[in-house]
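Participant: Just so it is clear, I am handing over protein22.cif, which has mmCIF, N, CA and C atoms.
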data_structure
loop_
_atom_site.label_atom_id
_atom_site.label_comp_id
_atom_site.auth_asym_id
_atom_site.auth_seq_id
_atom_site.Cartn_x
_atom_site.Cartn_y
_atom_site.Cartn_z
N VAL S 668 37.27 9.49 57.88
CA VAL S 668 38.04 10.09 56.80
C VAL S 668 37.47 11.48 56.52
N GLN S 669 38.38 12.43 56.36
CA GLN S 669 37.94 13.79 56.05
C GLN S 669 38.86 14.39 55.00
N LEU S 670 38.25 14.97 53.99
CA LEU S 670 38.97 15.73 52.98
C LEU S 670 38.39 17.15 52.99
N GLN S 671 39.21 18.11 53.37
CA GLN S 671 38.75 19.48 53.55
C GLN S 671 39.35 20.36 52.46
N ALA S 672 38.52 20.76 51.51
CA ALA S 672 38.98 21.64 50.43
C ALA S 672 38.80 23.09 50.82
N SER S 673 39.72 23.92 50.39
CA SER S 673 39.65 25.34 50.68
C SER S 673 40.37 26.12 49.58
N GLY S 674 40.19 27.44 49.61
CA GLY S 674 40.91 28.29 48.68
C GLY S 674 40.08 28.86 47.55
N GLY S 675 38.83 28.43 47.45
CA GLY S 675 37.98 28.97 46.40
C GLY S 675 37.61 30.41 46.67
N GLY S 676 36.99 31.02 45.68
CA GLY S 676 36.56 32.40 45.84
C GLY S 676 36.27 33.03 44.50
N LEU S 677 36.16 34.34 44.53
CA LEU S 677 35.87 35.14 43.34
C LEU S 677 37.17 35.73 42.81
N VAL S 678 37.41 35.55 41.53
CA VAL S 678 38.64 36.05 40.92
C VAL S 678 38.31 36.57 39.53
N GLN S 679 39.03 37.58 39.10
CA GLN S 679 38.82 38.10 37.75
C GLN S 679 39.49 37.21 36.72
N ALA S 680 38.95 37.21 35.53
CA ALA S 680 39.56 36.46 34.43
C ALA S 680 41.01 36.87 34.27
N GLY S 681 41.86 35.87 34.08
CA GLY S 681 43.29 36.10 33.99
C GLY S 681 44.01 35.95 35.31
N GLY S 682 43.26 35.88 36.39
CA GLY S 682 43.86 35.78 37.71
C GLY S 682 44.21 34.36 38.10
N SER S 683 44.63 34.22 39.34
CA SER S 683 45.09 32.93 39.86
C SER S 683 44.45 32.63 41.22
N LEU S 684 44.35 31.36 41.50
CA LEU S 684 43.93 30.88 42.81
C LEU S 684 44.69 29.59 43.09
N ARG S 685 44.87 29.30 44.37
CA ARG S 685 45.43 28.02 44.76
C ARG S 685 44.45 27.32 45.70
N LEU S 686 44.02 26.15 45.28
CA LEU S 686 43.15 25.34 46.12
C LEU S 686 43.99 24.37 46.93
N SER S 687 43.49 24.06 48.11
CA SER S 687 44.13 23.06 48.97
C SER S 687 43.09 22.03 49.38
N CYS S 688 43.53 20.82 49.60
CA CYS S 688 42.67 19.78 50.13
C CYS S 688 43.47 19.02 51.18
N ALA S 689 43.09 19.20 52.43
CA ALA S 689 43.78 18.54 53.53
C ALA S 689 43.05 17.25 53.90
N ALA S 690 43.80 16.18 53.99
CA ALA S 690 43.23 14.87 54.28
C ALA S 690 43.52 14.45 55.71
N ALA S 691 42.57 13.75 56.29
CA ALA S 691 42.74 13.17 57.62
C ALA S 691 42.07 11.80 57.64
N GLY S 692 42.70 10.88 58.37
CA GLY S 692 42.08 9.57 58.52
C GLY S 692 42.47 8.55 57.48
N ILE S 693 43.40 8.93 56.58
CA ILE S 693 43.89 7.99 55.58
C ILE S 693 45.42 8.01 55.57
N SER S 694 46.01 6.98 55.03
CA SER S 694 47.46 6.97 54.80
C SER S 694 47.70 7.74 53.51
N PHE S 695 47.77 9.03 53.65
CA PHE S 695 47.71 9.94 52.51
C PHE S 695 48.72 9.59 51.43
N ARG S 696 49.93 9.28 51.82
CA ARG S 696 50.99 9.08 50.82
C ARG S 696 50.72 7.86 49.93
N MET S 697 49.82 7.01 50.33
CA MET S 697 49.51 5.82 49.55
C MET S 697 48.41 6.06 48.51
N PHE S 698 47.72 7.18 48.64
CA PHE S 698 46.55 7.45 47.81
C PHE S 698 46.90 8.29 46.59
N ASP S 699 46.25 7.98 45.47
CA ASP S 699 46.18 8.91 44.36
C ASP S 699 45.19 10.00 44.75
N MET S 700 45.48 11.21 44.34
CA MET S 700 44.60 12.35 44.63
C MET S 700 44.15 12.99 43.33
N VAL S 701 42.88 13.34 43.30
CA VAL S 701 42.28 13.85 42.07
C VAL S 701 41.44 15.09 42.40
N TRP S 702 41.57 16.09 41.57
CA TRP S 702 40.66 17.25 41.62
C TRP S 702 39.63 17.07 40.50
N TYR S 703 38.38 17.26 40.87
CA TYR S 703 37.28 17.30 39.93
C TYR S 703 36.64 18.68 40.02
N ARG S 704 35.83 18.99 39.02
CA ARG S 704 35.02 20.20 39.10
C ARG S 704 33.67 19.95 38.45
N GLN S 705 32.70 20.71 38.91
CA GLN S 705 31.36 20.66 38.33
C GLN S 705 30.90 22.07 38.02
N PRO S 706 30.94 22.45 36.75
CA PRO S 706 30.45 23.77 36.36
C PRO S 706 28.94 23.84 36.53
N PRO S 707 28.37 25.03 36.63
CA PRO S 707 26.92 25.17 36.80
C PRO S 707 26.17 24.51 35.65
N GLY S 708 25.23 23.63 35.99
CA GLY S 708 24.40 23.00 34.99
C GLY S 708 25.08 21.93 34.16
N ARG S 709 26.29 21.56 34.54
CA ARG S 709 27.03 20.57 33.76
C ARG S 709 27.48 19.41 34.62
N GLN S 710 27.97 18.37 33.98
CA GLN S 710 28.42 17.20 34.72
C GLN S 710 29.81 17.43 35.32
N ARG S 711 30.09 16.65 36.33
CA ARG S 711 31.40 16.70 36.96
C ARG S 711 32.47 16.20 35.99
N GLU S 712 33.63 16.83 36.04
CA GLU S 712 34.72 16.44 35.15
C GLU S 712 36.03 16.41 35.90
N LEU S 713 36.91 15.52 35.46
CA LEU S 713 38.22 15.42 36.07
C LEU S 713 39.07 16.61 35.63
N VAL S 714 39.77 17.19 36.56
CA VAL S 714 40.64 18.34 36.27
C VAL S 714 42.11 17.92 36.27
N ALA S 715 42.53 17.28 37.35
CA ALA S 715 43.94 16.90 37.48
C ALA S 715 44.07 15.74 38.44
N HIS S 716 45.10 14.95 38.20
CA HIS S 716 45.31 13.71 38.96
C HIS S 716 46.79 13.61 39.30
N ILE S 717 47.09 13.27 40.54
CA ILE S 717 48.47 13.00 40.92
C ILE S 717 48.51 11.65 41.61
N THR S 718 49.41 10.80 41.15
CA THR S 718 49.51 9.46 41.74
C THR S 718 50.29 9.52 43.06
N SER S 719 50.30 8.40 43.73
CA SER S 719 51.00 8.33 45.01
C SER S 719 52.50 8.57 44.84
N ASP S 720 53.02 8.27 43.66
CA ASP S 720 54.44 8.49 43.42
C ASP S 720 54.72 9.76 42.62
N GLY S 721 53.71 10.63 42.51
CA GLY S 721 53.93 11.97 41.98
C GLY S 721 53.72 12.19 40.50
N ARG S 722 53.27 11.16 39.80
CA ARG S 722 52.98 11.38 38.38
C ARG S 722 51.67 12.15 38.24
N THR S 723 51.61 13.01 37.23
CA THR S 723 50.45 13.88 37.07
C THR S 723 49.84 13.75 35.68
N ASN S 724 48.56 14.03 35.60
CA ASN S 724 47.93 14.24 34.30
C ASN S 724 46.78 15.22 34.47
N TYR S 725 46.42 15.84 33.36
CA TYR S 725 45.49 16.97 33.38
C TYR S 725 44.45 16.84 32.28
N ALA S 726 43.31 17.44 32.53
CA ALA S 726 42.34 17.63 31.46
C ALA S 726 42.94 18.58 30.43
N SER S 727 42.62 18.35 29.18
CA SER S 727 43.20 19.18 28.12
C SER S 727 42.85 20.65 28.29
N SER S 728 41.68 20.91 28.88
CA SER S 728 41.22 22.29 29.03
C SER S 728 42.04 23.08 30.05
N VAL S 729 42.79 22.40 30.90
CA VAL S 729 43.55 23.12 31.93
C VAL S 729 45.06 22.92 31.80
N LYS S 730 45.46 22.04 30.89
CA LYS S 730 46.88 21.75 30.74
C LYS S 730 47.65 23.02 30.40
N GLY S 731 48.75 23.22 31.11
CA GLY S 731 49.55 24.41 30.90
C GLY S 731 49.12 25.59 31.76
N ARG S 732 47.95 25.51 32.36
CA ARG S 732 47.46 26.60 33.23
C ARG S 732 47.37 26.16 34.69
N PHE S 733 47.03 24.91 34.91
CA PHE S 733 46.85 24.39 36.27
C PHE S 733 48.00 23.45 36.61
N THR S 734 48.35 23.41 37.89
CA THR S 734 49.38 22.50 38.37
C THR S 734 48.90 21.82 39.65
N ILE S 735 48.91 20.50 39.64
CA ILE S 735 48.57 19.74 40.84
C ILE S 735 49.86 19.32 41.52
N SER S 736 49.87 19.38 42.85
CA SER S 736 51.03 18.96 43.61
C SER S 736 50.55 18.40 44.95
N ARG S 737 51.46 17.75 45.64
CA ARG S 737 51.09 17.18 46.93
C ARG S 737 52.24 17.34 47.91
N ASP S 738 51.88 17.45 49.18
CA ASP S 738 52.85 17.49 50.27
C ASP S 738 52.46 16.37 51.22
N ASN S 739 53.17 15.28 51.15
CA ASN S 739 52.81 14.12 51.96
C ASN S 739 53.04 14.36 53.45
N ASP S 740 53.94 15.26 53.77
CA ASP S 740 54.17 15.58 55.19
C ASP S 740 53.00 16.35 55.78
N LYS S 741 52.29 17.09 54.93
CA LYS S 741 51.15 17.87 55.40
C LYS S 741 49.82 17.22 55.03
N ASN S 742 49.87 16.04 54.40
CA ASN S 742 48.64 15.34 53.99
C ASN S 742 47.73 16.25 53.16
N THR S 743 48.34 16.98 52.26
CA THR S 743 47.61 17.99 51.50
C THR S 743 47.94 17.91 50.02
N VAL S 744 46.91 18.08 49.21
CA VAL S 744 47.08 18.20 47.77
C VAL S 744 46.66 19.61 47.36
N TYR S 745 47.35 20.15 46.39
CA TYR S 745 47.11 21.52 45.95
C TYR S 745 46.73 21.55 44.47
N LEU S 746 46.04 22.60 44.10
CA LEU S 746 45.77 22.87 42.69
C LEU S 746 46.05 24.35 42.46
N GLN S 747 47.16 24.63 41.82
CA GLN S 747 47.48 26.00 41.44
C GLN S 747 46.82 26.29 40.10
N MET S 748 45.98 27.31 40.07
CA MET S 748 45.21 27.64 38.88
C MET S 748 45.60 29.03 38.41
N ASN S 749 46.17 29.10 37.22
CA ASN S 749 46.60 30.37 36.64
C ASN S 749 45.80 30.65 35.36
N SER S 750 45.85 31.88 34.93
CA SER S 750 45.15 32.29 33.70
C SER S 750 43.71 31.80 33.69
N LEU S 751 43.03 32.04 34.77
CA LEU S 751 41.65 31.57 34.89
C LEU S 751 40.75 32.27 33.89
N ASN S 752 39.80 31.52 33.36
CA ASN S 752 38.80 32.08 32.45
C ASN S 752 37.41 31.73 32.94
N LEU S 753 36.42 32.29 32.27
CA LEU S 753 35.03 32.14 32.73
C LEU S 753 34.61 30.67 32.78
N GLU S 754 35.18 29.86 31.89
CA GLU S 754 34.81 28.44 31.84
C GLU S 754 35.37 27.63 33.00
N ASP S 755 36.23 28.25 33.79
CA ASP S 755 36.76 27.56 34.97
C ASP S 755 35.85 27.70 36.18
N THR S 756 34.80 28.50 36.05
CA THR S 756 33.85 28.64 37.15
C THR S 756 33.19 27.30 37.45
N ALA S 757 33.30 26.85 38.69
CA ALA S 757 32.79 25.53 39.05
C ALA S 757 32.97 25.32 40.55
N VAL S 758 32.33 24.27 41.04
CA VAL S 758 32.64 23.75 42.37
C VAL S 758 33.74 22.71 42.20
N TYR S 759 34.84 22.92 42.90
CA TYR S 759 36.00 22.03 42.81
C TYR S 759 36.02 21.12 44.04
N SER S 760 36.19 19.83 43.79
CA SER S 760 36.21 18.84 44.86
C SER S 760 37.44 17.96 44.74
N CYS S 761 37.91 17.47 45.88
CA CYS S 761 39.05 16.55 45.84
C CYS S 761 38.57 15.14 46.16
N ASN S 762 39.33 14.20 45.64
CA ASN S 762 38.99 12.78 45.71
C ASN S 762 40.26 12.01 46.02
N ALA S 763 40.17 11.08 46.95
CA ALA S 763 41.31 10.23 47.32
C ALA S 763 40.98 8.80 46.93
N VAL S 764 41.90 8.18 46.19
CA VAL S 764 41.65 6.85 45.66
C VAL S 764 42.82 5.93 45.97
N PHE S 765 42.49 4.72 46.44
CA PHE S 765 43.50 3.68 46.62
C PHE S 765 42.91 2.39 46.10
N GLY S 766 43.42 1.95 44.97
CA GLY S 766 42.89 0.75 44.35
C GLY S 766 41.43 0.92 44.02
N SER S 767 40.70 -0.20 44.09
CA SER S 767 39.28 -0.15 43.78
C SER S 767 38.42 -0.14 45.03
N ALA S 768 39.07 -0.27 46.18
CA ALA S 768 38.30 -0.44 47.41
C ALA S 768 38.11 0.84 48.20
N TYR S 769 38.98 1.79 48.00
CA TYR S 769 38.96 3.00 48.82
C TYR S 769 38.83 4.23 47.93
N ASN S 770 37.76 4.96 48.15
CA ASN S 770 37.45 6.11 47.31
C ASN S 770 36.70 7.10 48.18
N TYR S 771 37.35 8.21 48.48
CA TYR S 771 36.78 9.19 49.40
C TYR S 771 36.66 10.56 48.73
N TRP S 772 35.61 11.26 49.10
CA TRP S 772 35.34 12.58 48.54
C TRP S 772 35.28 13.62 49.64
N GLY S 773 35.74 14.81 49.31
CA GLY S 773 35.58 15.94 50.20
C GLY S 773 34.45 16.83 49.70
N GLN S 774 34.12 17.82 50.53
CA GLN S 774 33.12 18.79 50.09
C GLN S 774 33.79 19.72 49.10
N GLY S 775 33.01 20.39 48.31
CA GLY S 775 33.58 21.24 47.28
C GLY S 775 33.88 22.64 47.76
N THR S 776 34.68 23.33 46.95
CA THR S 776 34.93 24.75 47.16
C THR S 776 34.61 25.48 45.86
N LEU S 777 33.89 26.57 45.95
CA LEU S 777 33.40 27.26 44.77
C LEU S 777 34.43 28.24 44.24
N VAL S 778 34.69 28.12 42.96
CA VAL S 778 35.54 29.08 42.25
C VAL S 778 34.67 29.81 41.24
N THR S 779 34.65 31.12 41.34
CA THR S 779 33.88 31.94 40.42
C THR S 779 34.83 32.90 39.72
N VAL S 780 34.85 32.83 38.40
CA VAL S 780 35.70 33.71 37.61
C VAL S 780 34.81 34.75 36.95
N SER S 781 35.12 36.00 37.17
CA SER S 781 34.33 37.09 36.62
C SER S 781 35.08 37.79 35.48
N SER S 782 34.30 38.40 34.60
CA SER S 782 34.92 39.10 33.45
C SER S 782 35.32 40.52 33.82
#
Would you mind writing the file out in structure tokens?

Facilitator:
Amino acid sequence: VQLQASGGGLVQAGGSLRLSCAAAGISFRMFDMVWYRQPPGRQRELVAHITSDGRTNYASSVKGRFTISRDNDKNTVYLQMNSLNLEDTAVYSCNAVFGSAYNYWGQGTLVTVSS
């Protein structure tokens, strides 16, 4: 199983980035997909979640600014991040979940928001 996150980088406050996480080795359309982030010196936190049937939910801190989506034909989940602020600086990781038995993590991608 491989989850490959990409799209991170340096962006000015107020800017946008789109993260991607490409999955391999799983029946992607059956999995819930979750983006987490870990800011420097802080604990990991859930950012956005999309179920296998497309329902979404978001952390309150990103609601209205971030959008999670998935393309089952491309085995990819996306995180569109708009109106970025300094508090969004973190390592962003994707997670694939199916029930309680299957839980896979990808490596993170660093997002740095500058003033």

Participant: So which residues get picked by the PyMOL selection byres ((chain S and resi 679) around 8) here, written as a PyMOL selection string?

Facilitator: chain S and resi 676-678+680-683+750-753+779-782

Participant: Tell me, counting all atoms listed in the file, for each residue of range 744-782 of chain S within 7 Å of range 685-690 of chain S, which pair of atoms is nearest and how far apart they are in Å to one decimal, in rows ordered by chain and increasing number, as a tab-separated table.

Facilitator:
residue	atom	partner	partner_atom	distance
S:Val744	C	S:Cys688	N	4.0
S:Tyr745	CA	S:Leu686	C	4.3
S:Leu746	C	S:Leu686	N	3.9
S:Gln747	CA	S:Arg685	CA	4.4
S:Met748	N	S:Arg685	CA	4.8
S:Cys761	CA	S:Cys688	CA	6.5

Participant: What does the distance between atom C of Gln774 in chain S and atom C of Ala672 in chain S come to in Å, to one decimal place?

Facilitator: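 Separation of atom C of Gln774 in chain S and atom C of Ala672 in chain S: 6.3 Å.
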
Participant: With all atoms listed in the file as the atoms that count, which of S:His716, S:Gln671, S:Asn749, S:Asp699 lies nearest to Arg732 in chain S?

Facilitator: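 Smallest separation from Arg732 in chain S among the options: S:Asn749.
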
Participant: As an exercise, work out the distance from CA of Pro706 in chain S to atom N of Glu754 in chain S in Å and give it to one decimal place.

Facilitator: 8.9 Å

Participant: For a test of reading the model, state the distance in Å between CA of Phe733 in chain S and CA of Tyr703 in chain S, rounded to one decimal.

Facilitator: 12.5 Å

Participant: Could you write out as a count of residues only the residues that the PyMOL selection byres (((chain S and resi 669 and name CA) around 9) and name CA) matches in the shown file?

Facilitator: 11

Participant: Counting all atoms listed in the file, figure out which residue out of S:Met697, S:Arg711, S:Thr743, S:Thr776 gets nearest to Val764 in chain S.

Facilitator: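 Closest to Val764 in chain S of all the choices is S:Met697.
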
Participant: For a quick check of understanding, using only C-alpha atoms, which of S:Leu684, S:Leu777, S:Val758, S:Met700 has the smallest distance to Ile735 in chain S?

Facilitator: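 So, comparing all the options, the nearest one is S:Met700.
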
Participant: Neighbouring residues of Leu713 in chain S were defined as those with any atom within 8 Å, considering all atoms listed in the file; residues of the same chain fewer than 5 positions away were excluded. Please report them as a PyMOL selection string.

Facilitator: chain S and resi 701-705+724-727

Participant: Among chain S, which ones does DSSP place in strand (DSSP E), written as an MDAnalysis selection string?

Facilitator: chainID S and resid 669:673 676:679 684:691 699:705 712:717 723:725 733:738 743:748 757:765 769:772 776:781

Participant: Would you compute the box with edges along x, y and z of the file around range 687-691 of chain S, including every atom the file lists for it and 8 Å extra on each side, and give its centre and edge lengths in Å to one decimal, as lines of an AutoDock Vina configuration file?

Facilitator:
center_x = 43.1
center_y = 17.9
center_z = 52.9
size_x = 18.1
size_y = 28.3
size_z = 25.5

Participant: Got a sec: who's within 9 Å of Phe765 in chain S, counting only C-alpha atoms, leaving out chain neighbours fewer than 2 positions off, as a list in words?

Facilitator: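 Those residues are Met697, Phe698, Asp699, Met700, Ser719, Ala763, Ser767, Ala768, Tyr769 and Asn770 of chain S.
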
Participant: Within chain S, find each residue whose DSSP state, derived from the backbone, is helix (DSSP H, G or I), and express the selection as an NGL selection string.

Facilitator: :S and (695-697 or 753-755)

Participant: Which one of S:Thr734, S:Gly775, S:Asn742, S:Thr718 sits closest to Ala757 in chain S if you count all atoms listed in the file?

Facilitator: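 Among the listed residues, the smallest separation from Ala757 in chain S belongs to S:Gly775.
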